[in-house]
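**Q** What follows is the file model-v3.txt, containing compact mmCIF, C-alpha atoms:
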# COMPACT_ATOMS: atom_id res chain seq x y z
CA MET A 275 208.97 187.05 75.06
CA LEU A 276 208.28 185.94 71.46
CA ARG A 277 204.63 186.89 71.82
CA ASN A 278 205.53 190.38 73.03
CA TRP A 279 207.96 190.80 70.11
CA LEU A 280 205.29 189.77 67.60
CA GLU A 281 202.77 192.14 69.17
CA VAL A 282 205.27 194.99 68.81
CA ARG A 283 205.81 194.10 65.14
CA PHE A 284 202.08 194.01 64.46
CA LEU A 285 201.48 197.30 66.26
CA GLY A 286 204.38 198.83 64.34
CA ALA A 287 202.90 197.62 61.03
CA ILE A 288 199.48 199.03 61.92
CA ALA A 289 201.07 202.37 62.86
CA ALA A 290 202.99 202.42 59.57
CA ILE A 291 199.82 201.66 57.59
CA ALA A 292 197.96 204.44 59.37
CA SER A 293 200.82 206.87 58.76
CA SER A 294 200.99 206.02 55.05
CA LEU A 295 197.24 206.44 54.65
CA TRP A 296 197.35 209.75 56.52
CA LEU A 297 200.14 210.96 54.20
CA PHE A 298 198.14 209.97 51.13
CA ILE A 299 195.04 211.77 52.39
CA GLU A 300 197.05 214.91 53.19
CA ILE A 301 198.62 214.95 49.72
CA ALA A 302 195.28 214.28 48.04
CA GLU A 303 193.64 217.16 49.90
CA ALA A 304 196.50 219.49 48.97
CA VAL A 305 196.25 218.46 45.31
CA VAL A 306 192.49 218.96 45.21
CA ASP A 307 192.88 222.40 46.85
CA GLY A 308 195.62 223.37 44.39
CA GLU A 309 198.25 223.81 47.09
CA THR A 310 200.99 221.70 45.48
CA GLY A 311 201.43 223.69 42.28
CA LYS A 312 204.54 225.71 43.17
CA VAL A 313 206.42 222.83 44.78
CA ASP A 314 205.42 220.40 42.02
CA THR A 315 206.60 222.83 39.34
CA ALA A 316 209.89 223.61 41.10
CA ILE A 317 210.80 219.93 41.54
CA LEU A 318 209.71 219.00 38.01
CA MET A 319 211.82 221.79 36.49
CA PHE A 320 214.78 220.76 38.66
CA PHE A 321 215.09 217.66 36.47
CA ARG A 322 215.16 219.68 33.22
CA SER A 323 218.20 220.87 31.31
CA PRO A 324 219.06 224.52 32.06
CA VAL A 325 219.99 224.95 28.38
CA ASP A 326 216.80 223.37 27.00
CA PRO A 327 213.98 222.88 29.54
CA ALA A 328 212.18 220.68 27.02
CA GLN A 329 214.80 218.00 27.71
CA PRO A 330 215.63 216.23 31.00
CA PHE A 331 219.14 217.01 32.23
CA GLY A 332 222.00 214.65 31.47
CA THR A 333 223.22 212.75 28.44
CA GLU A 334 221.10 210.66 26.08
CA TRP A 335 222.57 207.57 27.78
CA LEU A 336 221.18 208.73 31.13
CA ARG A 337 217.77 209.40 29.62
CA GLU A 338 217.66 205.93 28.10
CA PHE A 339 218.74 204.42 31.43
CA VAL A 340 215.93 206.26 33.24
CA ARG A 341 213.44 205.01 30.68
CA ASP A 342 214.68 201.48 31.39
CA ILE A 343 214.20 202.04 35.13
CA SER A 344 210.71 203.39 34.50
CA GLY A 345 209.92 200.23 32.53
CA LEU A 346 210.52 198.16 35.66
CA GLY A 347 207.31 199.67 37.02
CA SER A 348 205.22 199.06 33.91
CA PRO A 349 202.16 196.80 34.11
CA GLY A 350 203.80 194.31 31.73
CA VAL A 351 206.99 193.86 33.76
CA LEU A 352 205.17 193.80 37.09
CA GLY A 353 202.68 191.29 35.70
CA LEU A 354 205.51 188.99 34.59
CA LEU A 355 207.15 189.20 38.02
CA VAL A 356 203.89 188.38 39.77
CA ALA A 357 203.23 185.48 37.39
CA ALA A 358 206.75 184.13 38.01
CA MET A 359 206.28 184.30 41.78
CA ILE A 360 202.87 182.62 41.59
CA ILE A 361 204.26 179.78 39.46
CA PHE A 362 207.18 179.38 41.87
CA LEU A 363 204.81 179.17 44.85
CA LEU A 364 202.60 176.65 43.06
CA PHE A 365 205.60 174.44 42.26
CA SER A 366 206.60 174.78 45.93
CA GLU A 367 203.12 173.48 46.89
CA LYS A 368 202.21 176.78 48.54
CA ARG A 369 198.84 177.29 46.89
CA LYS A 370 197.41 179.59 49.55
CA ALA A 371 200.45 181.86 49.28
CA ALA A 372 200.13 181.87 45.47
CA LEU A 373 196.47 182.85 45.69
CA PHE A 374 197.34 185.52 48.25
CA VAL A 375 199.99 187.09 45.96
CA LEU A 376 197.52 187.09 43.07
CA LEU A 377 194.74 188.72 45.10
CA ALA A 378 197.06 191.22 46.82
CA THR A 379 198.59 192.51 43.60
CA LEU A 380 195.39 192.46 41.52
CA SER A 381 193.42 194.32 44.18
CA GLY A 382 196.24 196.85 44.49
CA GLY A 383 196.06 197.45 40.74
CA LEU A 384 192.31 197.89 40.86
CA VAL A 385 192.63 200.42 43.69
CA SER A 386 195.19 202.37 41.64
CA ILE A 387 192.82 202.51 38.66
CA LEU A 388 189.92 203.56 40.88
CA LEU A 389 191.93 206.36 42.51
CA LYS A 390 192.99 207.69 39.11
CA GLU A 391 189.35 207.77 38.01
CA VAL A 392 188.23 209.50 41.20
CA PHE A 393 190.82 212.30 41.07
CA GLY A 394 191.15 212.63 37.30
CA ARG A 395 194.20 214.90 37.55
CA PRO A 396 195.74 215.89 34.18
CA ARG A 397 199.32 214.97 33.40
CA PRO A 398 202.01 217.68 33.61
CA ASP A 399 201.96 219.93 30.55
CA LEU A 400 205.00 222.11 31.35
CA VAL A 401 207.42 219.90 29.43
CA PRO A 402 207.19 217.26 26.68
CA HIS A 403 206.62 213.73 27.93
CA SER A 404 209.58 211.39 27.42
CA SER A 405 207.36 208.32 27.77
CA LEU A 406 203.94 207.33 26.44
CA VAL A 407 201.05 207.79 28.88
CA TYR A 408 197.46 206.63 28.66
CA SER A 409 195.83 207.46 31.98
CA THR A 410 195.34 210.33 34.40
CA SER A 411 198.08 211.50 36.72
CA PHE A 412 197.11 211.09 40.39
CA PRO A 413 198.37 208.94 42.00
CA SER A 414 201.29 207.63 39.94
CA GLY A 415 200.39 204.09 38.90
CA HIS A 416 204.05 203.18 38.40
CA ALA A 417 204.93 204.39 41.92
CA MET A 418 201.95 202.76 43.60
CA LEU A 419 202.06 199.43 41.78
CA SER A 420 205.85 199.19 42.18
CA ALA A 421 205.39 199.59 45.93
CA VAL A 422 202.58 197.03 45.97
CA VAL A 423 204.39 194.42 43.87
CA TYR A 424 208.04 194.80 44.88
CA LEU A 425 207.36 195.24 48.59
CA THR A 426 204.81 192.41 48.68
CA LEU A 427 207.05 190.01 46.76
CA GLY A 428 210.04 191.11 48.80
CA ALA A 429 208.15 190.43 52.02
CA MET A 430 207.16 186.96 50.79
CA VAL A 431 210.78 186.12 49.95
CA ALA A 432 212.06 187.59 53.23
CA ARG A 433 209.69 185.34 55.20
CA VAL A 434 211.59 182.22 54.16
CA ILE A 435 215.09 183.68 54.65
CA PRO A 436 216.54 182.94 58.11
CA SER A 437 219.18 185.69 58.17
CA ARG A 438 218.05 189.12 59.32
CA TRP A 439 220.75 190.74 57.16
CA LEU A 440 219.47 188.95 54.07
CA LYS A 441 215.90 189.92 54.94
CA ALA A 442 217.03 193.56 55.19
CA TYR A 443 218.90 193.22 51.89
CA VAL A 444 215.86 191.85 50.04
CA MET A 445 213.56 194.53 51.41
CA GLY A 446 216.20 197.17 50.71
CA ILE A 447 216.33 196.14 47.04
CA ALA A 448 212.51 196.22 46.84
CA ALA A 449 212.36 199.69 48.40
CA THR A 450 215.21 201.02 46.23
CA LEU A 451 213.53 199.84 43.02
CA THR A 452 210.26 201.43 44.14
CA ILE A 453 211.98 204.77 44.83
CA LEU A 454 213.96 204.78 41.57
CA ILE A 455 210.87 203.99 39.50
CA GLY A 456 208.93 206.84 41.11
CA VAL A 457 211.76 209.33 40.56
CA SER A 458 212.08 208.21 36.94
CA ARG A 459 208.47 209.25 36.29
CA ILE A 460 209.24 212.80 37.45
CA TYR A 461 212.46 212.87 35.39
CA LEU A 462 210.53 211.82 32.27
CA GLY A 463 208.01 214.61 32.87
CA VAL A 464 204.96 212.32 32.98
CA HIS A 465 204.08 212.84 36.65
CA TRP A 466 203.99 215.63 39.18
CA PRO A 467 206.10 214.90 42.29
CA SER A 468 202.94 214.86 44.43
CA ASP A 469 201.57 212.08 42.18
CA VAL A 470 204.62 209.96 42.92
CA LEU A 471 204.67 210.66 46.66
CA ALA A 472 200.97 209.79 46.89
CA GLY A 473 201.59 206.61 44.88
CA TRP A 474 204.36 205.57 47.25
CA ALA A 475 202.16 206.24 50.28
CA ALA A 476 199.17 204.32 48.90
CA GLY A 477 201.30 201.44 47.65
CA ALA A 478 203.27 201.14 50.88
CA SER A 479 200.11 201.05 52.98
CA TRP A 480 198.67 198.32 50.72
CA ALA A 481 201.88 196.27 50.84
CA LEU A 482 202.11 196.63 54.63
CA GLY A 483 198.52 195.49 54.95
CA CYS A 484 199.32 192.46 52.80
CA TRP A 485 202.39 191.72 54.94
CA LEU A 486 200.18 191.82 58.04
CA VAL A 487 197.69 189.39 56.51
CA ALA A 488 200.50 187.04 55.43
CA HIS A 489 201.84 186.96 58.99
CA VAL A 490 198.43 186.46 60.59
CA PHE A 491 197.67 183.46 58.35
CA ASN A 492 201.31 182.26 58.18
CA LEU A 493 201.28 182.31 54.37
CA GLY A 494 204.34 181.21 52.42
CA ASN A 495 206.16 179.87 55.49
CA GLY A 496 206.01 176.11 55.80
CA GLU A 497 202.74 175.70 53.91
CA ARG A 498 202.55 172.38 52.11
CA ARG A 499 199.00 171.96 50.90
Output the structure of this file as structure tokens.
**A**
Amino acid sequence: MLRNWLEVRFLGAIAAIASSLWLFIEIAEAVVDGETGKVDTAILMFFRSPVDPAQPFGTEWLREFVRDISGLGSPGVLGLLVAAMIIFLLFSEKRKAALFVLLATLSGGLVSILLKEVFGRPRPDLVPHSSLVYSTSFPSGHAMLSAVVYLTLGAMVARVIPSRWLKAYVMGIAATLTILIGVSRIYLGVHWPSDVLAGWAAGASWALGCWLVAHVFNLGNGERR
């Protein structure tokens, strides 16, 4: 019975990985063919003030709050979270799990950089950027790396929690942060919506793949060497 349940979980994870990759490829093809322009523009302008399109809608407090949310997906914050998790795992004598987290997140970051170089899509130029940007637009690095880091770390924490409700809570927090960070990049005018959706798809597929590897090798669950 347990074996059948595990097989179902693994098959479900593989199906989810395939679906996420398919979604990324579909978005990438649409972007390359110029088919996302109207939808991207409509959604981007939805977040702008009807009085002054140069500004995102809402009060200055809301804009500052969104910038704070966006910062949760910055390389600096994500790097600190990963470092904290690695140190925790090392102190818990789970060296293989610590190495796995390091490799999973670093490789995800490298893939994000490579994809940006391959596509080389310019940033949105319809509205002023409300945040500094240094790289190309597709896919959104904040969206992709947030998915990679938060979902991977969430999955590692959930593996050692016995309660299914608590597991769901941890993964729910990880997914919510990932979604909010992606939306914040559109609000700030630094990414097209298709950039963010593609980043989510790529990051989710990477995190799911990492989850599958962690389960296959039983990483972070009872390891003491």
**Q** Go through region 366-485 of chain A residue by residue and, counting only C-alpha atoms, keep those with an atom at most 9 Å from region 350-357 of chain A; for each kept residue give the shortest atom pair and its distance in Å to one decimal, ordered by chain and increasing number, as CSV.
**A**
residue,atom,partner,partner_atom,distance
A:Val375,CA,A:Val356,CA,7.4
A:Leu376,CA,A:Val356,CA,7.3
A:Thr379,CA,A:Val356,CA,7.7
A:Leu419,CA,A:Leu352,CA,8.0
A:Ser420,CA,A:Leu352,CA,7.4
A:Val423,CA,A:Leu352,CA,6.9
A:Tyr424,CA,A:Leu352,CA,8.4
A:Leu427,CA,A:Val356,CA,7.8
**Q** Which is closer to Leu486 (chain A) than all the others in A:Ala371, A:Ile435, A:Ala442, A:Ala429, using all atoms listed in the file?
**A**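 Smallest distance to Leu486 (chain A) is found for A:Ala429.
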**Q** In Å, how far is it from CA of Leu482 (chain A) to CA of Pro467 (chain A)?
**A**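 Going from CA of Leu482 (chain A) over to CA of Pro467 (chain A) covers 22.4 Å.
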**Q** Taking all atoms listed in the file into account, name the residue in A:Val305, A:Val401, A:Val392, A:Ala290 that is nearest to Ala472 (chain A).
**A**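 Ranking A:Val305, A:Val401, A:Val392, A:Ala290 by distance to Ala472 (chain A), first place goes to A:Val305.
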**Q** Within 10 Å of (214.5, 220.6, 30.9), in the coordinates the file gives, what residues turn up when you count only C-alpha atoms, written out as number ranges by chain?
**A** A: 318-332, 400-402, 461-463
**Q** CA of Phe374 (chain A) and CA of Val487 (chain A), how far apart in Å?
**A**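 We find that CA of Val487 (chain A) and CA of Phe374 (chain A) lie 9.1 Å from each other.
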**Q** One number please: CA of Lys370 (chain A) to CA of Ala476 (chain A), in Å, one decimal.
**A**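 Computing it gives 24.8 Å between the two atoms.
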**Q** Within 12 Å of (209.7, 189.4, 50.3) (file coordinates; all atoms listed in the file), which protein or nucleic acid residues are there? I'd like them as a PyMOL selection string.
**A** chain A and resi 359+371+375+421-435+440-449+481-482+484-485+488-489+493-495
